[in-house]
Amino acid sequence: MPIEKKTMRLLTIENPKRRIVEDLKIRNKDNMRGIAGEYFSSKFTYAQTFKMFEDYKKAFIAVDGLNEDTITISAPSTIASVNAFYGALDANKVINMTGPGFLHTYTEQYTKRLNSKTVVMFDSFLNDDLVTKFQAAGVKNLIVTGITDYMNPVVKLIATKKGLVSGKDYLDEYAKSHSGLPQGMEMVRLRDFAKLGAKSKEVYDFPYEENKLAAYFLTGATTSQLPKCVKISADGFTKMARIYDELWFDFQPGDRQTVFIPLFYATGAVHGVHAGLMDGMTLIYKPKYDRFAFAKDLLETKAKIALVAPSHVATLEESGLEDNALSHMKYIFIGGEAIMPAAMEKFRKTGDRLGIQYILNGYGMTETGSMSGISDKDAKGDDVTVTPVPGVEYRIVDPVTREILPDNTRGILEKKSPCATLGYFEEEKNKLLFTEDGWINTGDVAIRYSNGNYRIFGRGTDCFTNSGTTYAMYDIEEQALKHPDVAEAEVIKFEIDGVEYPAMVVVLNSNAVDKIAKITKELCSIDVAGMEHFIGVRYVDKFKTHPVTSKRDYLSLQNDKTGYFFADENDNVFVTDIGEEKRSIDAAEIKVVSV
């Protein structure tokens, strides 16, 4: 049986204290010929992958020296970020993982302040302004990556002829337009950087250190307009691996896992790569993190495992796939945000039709640590509850007093994990995050049921206040998602003259547009506290997506302030723009906006 087989494997990997890459090598000592990664039809064995890690390790030491300075990596659309990440860790460096937007905006703060003199950067995100900022921040080495790095030559040729990728070399173009490369900063192609390490005959060995700082993650994406600089320890990865060793997953060497990029853009992506490598999987790197191509990606990759946001899974039903088209899929892990029971019921119904064996809710793949909770593998229908994974503890506390609350009472979820992060770069934030006795305040509203299962409802900040009363927006959203014609919904709030009001943005099922007037009335009559202040519903054909993560871009919803429809108890229909009076309209005028 698969689980017995995994238990036998554990006899050879019992709880050693060792460095990350060493741990991966030992776990894969009998798997060196197995395929570790696939990228644009190129395949890399585990032996080749570890050789790339070693080349990057030596190259970083060659250009940056034998020190613990920070290496900044912003290559979220290439496999280079994996090699750079593990190579820098093995070189005893600290990594600053960041998306391009944050790096452009906070260059000074998160390069010079972190003493980062070497940057690995995806060429599509580079421009003259950023190069100038790097120079001003003291960057000495700029390693330039591109989407064609590691691409199969035949695929590259065909893609270039079709105009899908550029046949131009960024450094050549830069030198041509600037009469040479910049002074005081070396700009190096990725392949030349890797060759530099490959030529080195030096042997470097560094000791294992408990709680040693390994990386800063500038995370935030769709949940924050400001980067949260999170610190992660190196041994947090090996501790996470030991948690996974004790779980019931029957992962085996060679299992195919679709990895949706941006790689390591946020801490949750650690699970998309590190957990796969430690179990000897074949990771299929997809260069575009496109939720609308999710079904196509799963079909093409023939993967067994994928870890994605709920917004990706929401696209499956409308994807046009035939019954049992995804019967090769065993596990889809949903993480990154709270999921509503009605949504999970729809996802599992779709999963059953497509032949997916398990659609599971994972929790805790955030800046506060690795996955700390997982739903039962036999969970059915709308069950979104989770239980803590081995070695992790949960408790529900009062948001003000932090007094532990009894079962069946909503409060704030706190957790204690052996592989929690070290906290934030800004010490003031840590005072809000960590308790003196080692618990982490997740900021999520949750409940512990009498059976020991937990449900996470949403962020504690997902609320609005009107007339002195605070209401949870996720309670409204949960009821909206129960509507059979609603595919996706997001409840947002607007402040009008200093008072907050809720509104709703909805994507309908494709066959529901002709019922839009009736649906509007039903959504406006949801019986939940706070609906007496409801502005109305705005219908869109899809949610806008974040340009880097491709998750639903919640923050942009507040920019759309027109076309909110409201139906009262007398079937009168109104439309309003935020901050304006409602205007009576005919029901036929309710429209879906194309975004």
# chains A, B, ... in the order shown; residues from 1 in each chain; ligands from 1
$ select_by_dssp --residues "range 126-169 of chain A" --states "strand (DSSP E or B)" --output "PDB file with all heavy atoms, in the first residue's frame"
ATOM      1  N   ASN A 141      26.214  43.591  -8.578  1.00  0.00           N
ATOM      2  CA  ASN A 141      26.061  42.508  -9.556  1.00  0.00           C
ATOM      3  C   ASN A 141      24.586  42.349  -9.911  1.00  0.00           C
ATOM      4  O   ASN A 141      23.754  42.103  -9.030  1.00  0.00           O
ATOM      5  CB  ASN A 141      26.573  41.184  -8.984  1.00  0.00           C
ATOM      6  CG  ASN A 141      27.993  41.297  -8.467  1.00  0.00           C
ATOM      7  OD1 ASN A 141      28.939  41.439  -9.230  1.00  0.00           O
ATOM      8  ND2 ASN A 141      28.144  41.237  -7.146  1.00  0.00           N
ATOM      9  N   LEU A 142      24.262  42.487 -11.180  1.00  0.00           N
ATOM     10  CA  LEU A 142      22.892  42.298 -11.651  1.00  0.00           C
ATOM     11  C   LEU A 142      22.887  41.103 -12.602  1.00  0.00           C
ATOM     12  O   LEU A 142      23.446  41.164 -13.703  1.00  0.00           O
ATOM     13  CB  LEU A 142      22.383  43.545 -12.363  1.00  0.00           C
ATOM     14  CG  LEU A 142      20.958  43.478 -12.924  1.00  0.00           C
ATOM     15  CD1 LEU A 142      19.952  43.161 -11.827  1.00  0.00           C
ATOM     16  CD2 LEU A 142      20.596  44.801 -13.613  1.00  0.00           C
ATOM     17  N   ILE A 143      22.281  40.001 -12.157  1.00  0.00           N
ATOM     18  CA  ILE A 143      22.224  38.775 -12.940  1.00  0.00           C
ATOM     19  C   ILE A 143      20.877  38.756 -13.661  1.00  0.00           C
ATOM     20  O   ILE A 143      19.821  38.754 -13.016  1.00  0.00           O
ATOM     21  CB  ILE A 143      22.393  37.542 -12.037  1.00  0.00           C
ATOM     22  CG1 ILE A 143      23.739  37.626 -11.320  1.00  0.00           C
ATOM     23  CG2 ILE A 143      22.292  36.256 -12.836  1.00  0.00           C
ATOM     24  CD1 ILE A 143      23.762  36.950  -9.976  1.00  0.00           C
ATOM     25  N   VAL A 144      20.905  38.743 -14.979  1.00  0.00           N
ATOM     26  CA  VAL A 144      19.700  38.927 -15.781  1.00  0.00           C
ATOM     27  C   VAL A 144      19.190  37.575 -16.276  1.00  0.00           C
ATOM     28  O   VAL A 144      19.895  36.824 -16.956  1.00  0.00           O
ATOM     29  CB  VAL A 144      19.982  39.847 -16.975  1.00  0.00           C
ATOM     30  CG1 VAL A 144      18.713  40.054 -17.794  1.00  0.00           C
ATOM     31  CG2 VAL A 144      20.527  41.191 -16.484  1.00  0.00           C
ATOM     32  N   THR A 145      17.943  37.253 -15.930  1.00  0.00           N
ATOM     33  CA  THR A 145      17.312  36.020 -16.377  1.00  0.00           C
ATOM     34  C   THR A 145      16.289  36.337 -17.470  1.00  0.00           C
ATOM     35  O   THR A 145      15.884  37.484 -17.650  1.00  0.00           O
ATOM     36  CB  THR A 145      16.595  35.299 -15.218  1.00  0.00           C
ATOM     37  OG1 THR A 145      15.340  35.938 -14.975  1.00  0.00           O
ATOM     38  CG2 THR A 145      17.418  35.318 -13.947  1.00  0.00           C
TER      39      THR A 145
END
$ residues_around --residues "Phe333 in chain A" --least-positions-apart "2" --cutoff "8 Å" --atoms "only C-alpha atoms" --output "PyMOL selection string"
chain A and resi 305-308+331+335+359-362
$ closest_residue --among "A:Ile578, A:Ile332, A:Ile35, A:Cys524" --to "Leu277 in chain A" --atoms "only C-alpha atoms"
A:Ile35
$ residues_around --residues "Ser467 in chain A" --least-positions-apart "6" --cutoff "10 Å" --atoms "only C-alpha atoms" --output "ChimeraX atom specification"
/A:499-500,533
$ closest_residue --among "A:Glu477, A:Asp437, A:Asp398, A:Asp255" --to "Lys302 in chain A" --atoms "only C-alpha atoms"
A:Asp255
$ closest_residue --among "A:Asp444, A:Asp382, A:Glu426, A:Asp297" --to "Ile284 in chain A" --atoms "only C-alpha atoms"
A:Asp297
$ residues_around --residues "Ile496 in chain A" --least-positions-apart "5" --cutoff "10 Å" --atoms "only C-alpha atoms" --output "list of chain:residue names"
A:Tyr501, A:Ile578, A:Gly579, A:Glu580
$ select_by_dssp --residues "range 230-397 of chain A" --states "helix (DSSP H, G or I)" --output "number ranges by chain"
A: 235-245, 269-278, 291-301, 310-313, 341-354
$ residues_around --residues "range 408-417 of chain A" --least-positions-apart "2" --cutoff "6 Å" --atoms "only C-alpha atoms" --output "list in words"
Val392, Glu393, Tyr394, Arg395, Ile396, Val397, Asp398, Pro399, Cys419, Ala420, Trp439, Ile440, Asn441, Thr442, Asp444, Val445, Ala446, Ile447, Arg448 and Tyr449 of chain A
$ atom_distance --atom1 "CA of Phe292 in chain A" --atom2 "CA of Glu522 in chain A"
28.0 Å
$ residues_around --residues "Ser124 in chain A" --least-positions-apart "2" --cutoff "9 Å" --atoms "only C-alpha atoms" --output "list in words"
Met121, Phe122, Leu126, Asn127, Thr145, Gly146, Ile147 and Tyr170 of chain A
$ write_last_selection --atoms "all heavy atoms" --output "PDB file, in the first residue's frame"
ATOM      1  N   MET A 121      17.410  39.174 -11.563  1.00  0.00           N
ATOM      2  CA  MET A 121      16.215  39.886 -12.018  1.00  0.00           C
ATOM      3  C   MET A 121      15.749  39.376 -13.373  1.00  0.00           C
ATOM      4  O   MET A 121      16.543  39.174 -14.298  1.00  0.00           O
ATOM      5  CB  MET A 121      16.540  41.378 -12.122  1.00  0.00           C
ATOM      6  CG  MET A 121      15.332  42.267 -12.359  1.00  0.00           C
ATOM      7  SD  MET A 121      14.369  42.454 -10.848  1.00  0.00           S
ATOM      8  CE  MET A 121      12.905  43.302 -11.462  1.00  0.00           C
ATOM      9  N   PHE A 122      14.444  39.158 -13.503  1.00  0.00           N
ATOM     10  CA  PHE A 122      13.814  38.758 -14.760  1.00  0.00           C
ATOM     11  C   PHE A 122      13.846  39.928 -15.739  1.00  0.00           C
ATOM     12  O   PHE A 122      13.452  41.051 -15.399  1.00  0.00           O
ATOM     13  CB  PHE A 122      12.377  38.328 -14.461  1.00  0.00           C
ATOM     14  CG  PHE A 122      11.616  37.787 -15.632  1.00  0.00           C
ATOM     15  CD1 PHE A 122      12.185  36.852 -16.489  1.00  0.00           C
ATOM     16  CD2 PHE A 122      10.322  38.198 -15.872  1.00  0.00           C
ATOM     17  CE1 PHE A 122      11.475  36.340 -17.562  1.00  0.00           C
ATOM     18  CE2 PHE A 122       9.592  37.686 -16.930  1.00  0.00           C
ATOM     19  CZ  PHE A 122      10.181  36.763 -17.779  1.00  0.00           C
ATOM     20  N   LEU A 126      12.968  44.616 -16.042  1.00  0.00           N
ATOM     21  CA  LEU A 126      14.055  45.593 -15.988  1.00  0.00           C
ATOM     22  C   LEU A 126      13.794  46.770 -16.912  1.00  0.00           C
ATOM     23  O   LEU A 126      13.251  46.610 -18.008  1.00  0.00           O
ATOM     24  CB  LEU A 126      15.371  44.925 -16.393  1.00  0.00           C
ATOM     25  CG  LEU A 126      16.108  44.147 -15.300  1.00  0.00           C
ATOM     26  CD1 LEU A 126      17.263  43.365 -15.902  1.00  0.00           C
ATOM     27  CD2 LEU A 126      16.612  45.080 -14.210  1.00  0.00           C
ATOM     28  N   ASN A 127      14.176  47.946 -16.471  1.00  0.00           N
ATOM     29  CA  ASN A 127      14.152  49.127 -17.313  1.00  0.00           C
ATOM     30  C   ASN A 127      15.222  50.086 -16.805  1.00  0.00           C
ATOM     31  O   ASN A 127      15.873  49.840 -15.786  1.00  0.00           O
ATOM     32  CB  ASN A 127      12.766  49.787 -17.349  1.00  0.00           C
ATOM     33  CG  ASN A 127      12.254  50.137 -15.958  1.00  0.00           C
ATOM     34  OD1 ASN A 127      13.035  50.472 -15.057  1.00  0.00           O
ATOM     35  ND2 ASN A 127      10.946  50.064 -15.775  1.00  0.00           N
ATOM     36  N   THR A 145      17.943  37.253 -15.930  1.00  0.00           N
ATOM     37  CA  THR A 145      17.312  36.020 -16.377  1.00  0.00           C
ATOM     38  C   THR A 145      16.289  36.337 -17.470  1.00  0.00           C
ATOM     39  O   THR A 145      15.884  37.484 -17.650  1.00  0.00           O
ATOM     40  CB  THR A 145      16.595  35.299 -15.218  1.00  0.00           C
ATOM     41  OG1 THR A 145      15.340  35.938 -14.975  1.00  0.00           O
ATOM     42  CG2 THR A 145      17.418  35.318 -13.947  1.00  0.00           C
ATOM     43  N   GLY A 146      15.860  35.318 -18.172  1.00  0.00           N
ATOM     44  CA  GLY A 146      14.817  35.475 -19.182  1.00  0.00           C
ATOM     45  C   GLY A 146      13.961  34.224 -19.241  1.00  0.00           C
ATOM     46  O   GLY A 146      14.364  33.155 -18.759  1.00  0.00           O
ATOM     47  N   ILE A 147      12.781  34.332 -19.822  1.00  0.00           N
ATOM     48  CA  ILE A 147      11.867  33.189 -19.861  1.00  0.00           C
ATOM     49  C   ILE A 147      12.430  32.048 -20.703  1.00  0.00           C
ATOM     50  O   ILE A 147      12.063  30.884 -20.538  1.00  0.00           O
ATOM     51  CB  ILE A 147      10.477  33.620 -20.369  1.00  0.00           C
ATOM     52  CG1 ILE A 147       9.421  32.581 -19.962  1.00  0.00           C
ATOM     53  CG2 ILE A 147      10.493  33.852 -21.871  1.00  0.00           C
ATOM     54  CD1 ILE A 147       8.009  33.038 -20.165  1.00  0.00           C
ATOM     55  N   TYR A 170      18.689  40.685 -23.801  1.00  0.00           N
ATOM     56  CA  TYR A 170      18.497  41.937 -23.071  1.00  0.00           C
ATOM     57  C   TYR A 170      19.794  42.718 -22.923  1.00  0.00           C
ATOM     58  O   TYR A 170      19.825  43.933 -23.150  1.00  0.00           O
ATOM     59  CB  TYR A 170      17.903  41.662 -21.683  1.00  0.00           C
ATOM     60  CG  TYR A 170      17.754  42.919 -20.855  1.00  0.00           C
ATOM     61  CD1 TYR A 170      16.633  43.717 -20.981  1.00  0.00           C
ATOM     62  CD2 TYR A 170      18.751  43.324 -19.966  1.00  0.00           C
ATOM     63  CE1 TYR A 170      16.486  44.891 -20.241  1.00  0.00           C
ATOM     64  CE2 TYR A 170      18.624  44.494 -19.220  1.00  0.00           C
ATOM     65  CZ  TYR A 170      17.493  45.265 -19.370  1.00  0.00           C
ATOM     66  OH  TYR A 170      17.357  46.431 -18.656  1.00  0.00           O
TER      67      TYR A 170
END
$ residues_around --residues "Val131 in chain A" --least-positions-apart "4" --cutoff "12 Å" --atoms "only C-alpha atoms" --output "list in words"
Leu103, His104, Thr107, Val119, Met121, Asp123, Phe125, Leu126, Asn127, Gln135, Ala136, Ala137, Gly138, Val139, Lys140, Asn141, Leu142, Ile143, Val144, Tyr174, His178, Leu181, Pro182, Gln183, Gly184, Met185, Glu186 and Met187 of chain A
$ atom_distance --atom1 "CA of His328 in chain A" --atom2 "CA of Thr301 in chain A"
9.8 Å
$ atom_distance --atom1 "CA of Phe40 in chain A" --atom2 "CA of Tyr285 in chain A"
8.1 Å
$ closest_residue --among "A:Arg33, A:Lys117, A:Lys228, A:His312" --to "Gly99 in chain A" --atoms "only C-alpha atoms"
A:Lys228
